[in-house]
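Asker: The structure's right below; bear with me while I get my questions together.
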Amino acid sequence: MKCLLFFCLSKIKGRDGMIEFYIERTQSTEDLLSIKHLQSICQWEKKFKHLLSLNSTASLSLATFVALYSAKNDCQLITNNDVARFRSILHTCLPYYINGYMDIPLSDIFLNRVILEHQPGYFTHQEQVKAVYTALRHTCFYKNITRFIFDHFVDKQFIVDLQQMKSQAKVSLSTIYISNYRSHKYNRTRDQIMCERRRPHSRKYCEERGCMKDYRNKLLLQSCANQAPPKGNCFKYCQCKFQCANATEQIVTMSPIYKGQELVALFEKYFAGKRQLPTYRDRFIKLIALNFANVRERAAMARISEDMLLVLIATTLIIGITVLYLRSVSIALIIIVGAALSIGVSFFIYRVIYRIPIFPFMNLMSAFILIGIGCDDIFVFFDTWDQEKAEWLRKYQDRQQQDVNIPLNEITNEETQVKKKRKFKLPSNEFQSRHRLPLFNDPEEMQRLLSSEEALTEIMAKTLKHAASSMFVTSFTTSAAFFTNMLTNISFVQVFGVFTGTCILLYFLITVTAISAFAVIYEKYIQNIVSRLLSIRFTSVVDTSSDDSTGKLCRRLATICRDIRLYTFGHLMPFIIINLRYLLVLLFLPMGILGLVGVFHYPKLQVPSTQKVAFFLKDNPMETYEFIMKTKFNGYSKEEKRLFAYPAVSFIFGIRDIDDGYIFDMNDRGHLHLMPLYLERQMTLDFFKQFITDLGARPDLFGSNYDLDKDFEAFYQLTSENILIAKIADDRARQNLYNTSHLSMIKHLSQLNTSLIENLVSDTVRTIGYRIETDESDHEDYIDSKSGKINKTLNRISLKQLNNRLNPIINYSNYRKLFNKTLEKYYKDQLERSYDKNEIRRFLNGTIRDTLTGEYHRAALRTAMQCLTGAAGANNIPPDFCERQLNKQRSVNWAVLPDKASSVDGSVRPFAVIITIRGALNRTDYDSYNSYYFNIKNFFDPYIKQNAPQHLQHAWFSSPGFAFYGVQRELLVGSYSSLIASLGIALLVLFLTSGNLFIAVYALITITFAIAVSVAIFAALKWELGIIEAIIVIMSVGLSVDFVVHFGVGYIHTDSTDIERKRKNIKDRYLASLSTSSDNSEVQTVSRISSYRLLYREHQIERETRVTESIARVGSAVFMAAFTTFAAGFSMTLSALTSFRQMGQFLMTIMFMSWVFAMFFFLPLCAIIGPVGKCGSIPFQRIGQFCKQRLFCCRRRQDQTNQQDINE
């Protein structure tokens, strides 16, 4: 059973089919490698198997290994002697584990390959390993069991302690493995696709040459020896040798017992609850973590669907808050309907228009964000709507007063009594006094007036005029902040920003269209019905004649809530902000500066230290395994180091570094942008040779280039000068051979040397006593493949006839082809020997050399493609050629990528070269990788620019090890780039919307401070800048800009009548104080001195008036908007998923900080140095008039020119 488990571990990828339980000793002073603890581990191993109904599957634990090393089948039978023997074995094998001997895949095959030939006193590394393996192969190296124990069943600290003291070392952590796989054995037919593809080519080659070579070299296949010569013939032998037998092989397959969803259900049932994990413990050990067959991500995906119920909680909170604030259930519901509608339409645009195929689970968080920030626009809109209604009624009263001459704001006795009972002082600022809702004796008459088309049109026009600008700024800046996610190159961050930004823009459009229309419908039809049925929206506009107790209570509560709101934002907040403005600025300014220090200096957000993503909270057992247990065992540390230490760096030539795939589709790889490689040129080959040499000269960046240099040298030798000279000689000889008749060939050979004719006959014509068994020539083509014998008629050829120089007689018919072939070979050989190599060397100039080199390269690549496609054996390529070439290949460090075979001549051209070398970096942290990456870049880019030929200037480098570093760098650089871009967009929109430079700058400073403090808080909490955190940082601008915008727009758009009235009062009091002075000369002196003081007081009262009216106008709406988003974030903190909880915590923090800084830093700053009058404002009217005048002048000039043309 245990051997089967090791077989399972080798067959499945990693330990994906294993359920791993991580256990810890109960007392910190105890040792898991003791008899009591091992027996407890054994009992829990059986309990876990029974709990999961896996009694029939294999399992492993520290107790199991102790029993296995003592040849016992049950871990309950182990004794103290077994434990001591096991500890002794671990102590014996530990040095070889630490020195790396166990990392080598040793076996008896390796043992037999090592030859013990060495100089006296000198032993090679392989010989040392062989000696160690021979002595300890059954103790330390058998099936790598001991290494597996050191990697995964004892913790790192135990290994450190075991080196120093054998008996005192204590195991604190260990593992229980239970297999989730069952094995199946069955027989199947071997895969014959490649065999069938290669068989015809292999048989052809065998019949032509391979058969006789095997016979002479005594390499005949034993099963087919009877079919071979001399008993048989080559045809039968080749048919027997190269056949695809219908043989079967025994296959062991592993199938999971529990699959993904079943594993998730088991985990949720037995281990997910906080109260469940502590139940798995006894006096000796306790369960602290587990890996449930790597279903952590699947479990998180299953939890997402459950946590989406939190949207209902957020919706309920928003409805409750909206009802309390606006006293309308229908308005609260329209917020949810608008959010749902915007999400639905955004998803349609996302899929159909944007054509984005992926929809990550992070996009679902946009529902929480949209519900929270959507209330901002709704509250501002309906607050402005109510204020404009009150303003319209006030103006209507003024007109009626002028017509009928009745006192303004006539109040009934009942309302007088209500006013006397109020506990809160109503605000006395000009704005709320002017916009306080007038009271009518007949509410039905007032409802009738407000429901008229004329009134609704005027009220809606003014509402959109005052509210639409700030709503547009908040929506646009928030959406732009999300769209700046496109500056990062991480797809998940990009699509989240695109989807959420689209949702926000659509919600704004829905607000100014559908919800605005709903406000009219509500005012005209719904309000009266809802007020009568539910008695919820009770203001002074509703029916005040109802006598029922419920109605009175609701009216009283509504009045109290309204008075609290009016008092807080009409009197209390302005009083605090104006009177404590210097203290508030001095308090929040250092706070913002400290936030900036925390973001950019210390502690600042760090890049992710691992590529693992946290799905659940830290106390989840699977998260404990992923982030804590993996650091406690050597097996995981080795795996991580193997992935990231000493990365293989590849330099790519022939392909440009361009990704033209669809930006939102990770599966769209785009197209290769190929560049001319000109690998056949000598200058290209010389550059590669020098480049490889220079790589080896940088030991600070790269490892040894020995294998790379040898592989390139083998490629380079394909086109050496001697080979090219032989190629030219061969081409010339072939051309001469093609133009020469056979008779001329015989004459030429006879003139050169008479012995050549004799050799020709002796090689072509065999004696009568010829026997195939004694034939040692290489000319198998002259033998009849069917009979295995020569054609004896060749003996009749007379040497005398052929040696007649004047008139040689060739009288043959049955052997013409054979004789001519031999004759052509002799003639061609003599021609090649006669050529002058020095003359050919002079002839071999650059162009010809490049052409021949290209032909050689294409031929080599064609052969390689035949090996890859199974066509080896065709065109005289031996079928075992591919295997021999692979054995000769030292590495894949030099790789030439072949293009598709030409449809014309079947040639294969190279289109890219990849040079790979092992890097010298042995650290895995971000700073080391960042420094190493730029060191390579600073070496490679100038090198290519200075030394590479022009057609290789496009080269670039990459590495699999740079993948995670690239994510880290994109998160860091992309996040801050997007943040800066968002701030720039916010500044521009604020400047254009408010029309005042100072307000825009103050708002930008406020936003920056609020974001800096929020991010610094999370940096102090050791948050790392992962994907979720990057999204949080990027969208912080959009979420924090809303409140400052509303206050800034309210500050700028303060009613000028109120400002002039306040300034006039200050001036009158100042003049009155001057008139009380007795001395006229003294009055004139004081007047000149105090004129600046008067101007300062006028400016200051204007600032205070603007601040007061800004708070009174939008203060309550801004607070409720912040509170609703805060509530939406609070609902997300109830999730069990880390991403949802982090997003919720951030929403709560950024909303709180943004509101606090907007209220207690931005407004006090405006109260101190805010712009007054037209200071810092953009003269839009003057610019518009100037543009109109210029346009009018241009048109008039054009008309005059046209008139002159007509007259002429």
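Starting from 1 in every chain, residues are counted up; chains themselves are A, B, ... following the order of the structure tokens, and ligands are numbered from 1 as listed.
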What's around Thr92 in chain A at 9 Å? Count only C-alpha atoms, leave out sequence neighbours fewer than 5 positions away in its own chain, and write the answer as a PyMOL selection string.
Answerer: chain A and resi 87+139-140
Asker: Write down as an NGL selection string the residues of range 619-707 of chain A whose backbone DSSP state falls under alpha helix (DSSP H).
Answerer: :A and (621-627 or 634-644 or 682-696 or 706-707)
Asker: Pick out the closest residue to Ser959 in chain A from this set: A:Cys1194, A:Leu456, A:Ala648, A:Ile746. Count only C-alpha atoms.
Answerer: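 Nearest to Ser959 in chain A: A:Ala648.
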Asker: Identify which of the residues A:Glu523, A:Arg327, A:Ala480, A:Ile985 lies closest to Ser452 in chain A, counting only C-alpha atoms when measuring atom-to-atom distances.
Answerer: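 Of A:Glu523, A:Arg327, A:Ala480, A:Ile985, the one nearest Ser452 in chain A, counting only C-alpha atoms, is A:Glu523.
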Asker: Using only C-alpha atoms, which protein or nucleic acid residues come within 12 Å of range 1126-1133 of chain A? Drop anything in the same chain fewer than 3 positions from it, and give the result as a PyMOL selection string.
Answerer: chain A and resi 304+307-322+364-376+617+1039+1119-1123+1136-1155
Asker: If you count only C-alpha atoms, which residues fall within 7 Å of Leu32 in chain A, apart from same-chain ones fewer than 6 positions away, as JSON, numbers by chain?
Answerer: {"A": [25, 38, 170, 171, 172]}
Asker: Give me every strand (DSSP E or B) residue in range 144-385 of chain A, going by DSSP on the backbone, as a ChimeraX atom specification.
Answerer: /A:173-179,181-189,248-256,281,285-292
Asker: Excluding same-chain residues fewer than 3 positions from Gln682 in chain A, what lies within 7 Å of it counting only C-alpha atoms, as a PyMOL selection string?
Answerer: chain A and resi 685-686+850
Asker: Please, could you write that set of residues out with C-alpha atoms as a CSV table (one decimal), in the first residue's frame?
Answerer:
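Okay, this is what ended up in selection-v7.csv:
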```csv
chain,number,residue,atom,x,y,z
A,685,LEU,CA,26.9,34.3,-37.3
A,686,ASP,CA,30.0,36.2,-36.2
A,850,ASP,CA,25.7,33.5,-47.7
```
Asker: Just the residues within 8 Å of range 993-1000 of chain A, please, counting only C-alpha atoms, with nothing from its chain fewer than 4 positions along; format it as an NGL selection string.
Answerer: :A and (469-470 or 473 or 987-989 or 1004 or 1048-1049 or 1052 or 1166 or 1170-1171 or 1175-1178)
Asker: Take the residues that were just selected and, keeping C-alpha atoms, output them as a compact mmCIF listing (two decimals), in the first residue's frame.
Answerer:
```txt
# COMPACT_ATOMS: atom_id res chain seq x y z
CA SER A 469 -22.49 70.06 -12.45
CA SER A 470 -21.37 68.59 -9.13
CA VAL A 473 -17.83 66.06 -11.68
CA LEU A 987 -7.69 68.65 -10.96
CA LEU A 988 -8.63 69.43 -14.55
CA VAL A 989 -12.31 68.63 -14.08
CA LEU A 1004 -6.52 68.41 -4.93
CA GLY A 1048 -16.24 73.43 -3.62
CA VAL A 1049 -19.11 73.91 -6.05
CA ILE A 1052 -18.33 79.03 -5.62
CA CYS A 1166 -11.39 77.98 2.37
CA GLY A 1170 -10.52 80.86 0.11
CA PRO A 1171 -11.05 82.91 -3.05
CA CYS A 1175 -10.31 85.91 -7.66
CA GLY A 1176 -8.89 82.86 -9.44
CA SER A 1177 -12.02 82.40 -11.54
CA ILE A 1178 -12.05 81.66 -15.24
```
Asker: So which residues touch Asn291 in chain A within 7 Å, counting only C-alpha atoms, skipping near sequence neighbours fewer than 4 positions away, as a PyMOL selection string?
Answerer: chain A and resi 19-21+622+625
Asker: To one decimal place in Å, what is the distance between CA of Cys234 in chain A and CA of Cys211 in chain A?
Answerer: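 Going from CA of Cys234 in chain A over to CA of Cys211 in chain A, I get 5.7 Å.
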Asker: Between CA of Phe382 in chain A and CA of Leu1163 in chain A, what distance in Å does the model show, to one decimal?
Answerer: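 These atoms are spaced 23.0 Å apart.
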Asker: May I ask for the distance between CA of Ser977 in chain A and CA of Thr610 in chain A, given in Å to one decimal place?
Answerer: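 Rounded to one decimal, the two atoms are 22.7 Å apart.
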Asker: Considering only C-alpha atoms, can you say which of A:Phe615, A:Thr851, A:Cys240, A:Ala455 comes closest to Arg199 in chain A?
Answerer: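 For Arg199 in chain A, the nearest of the candidates is A:Cys240.
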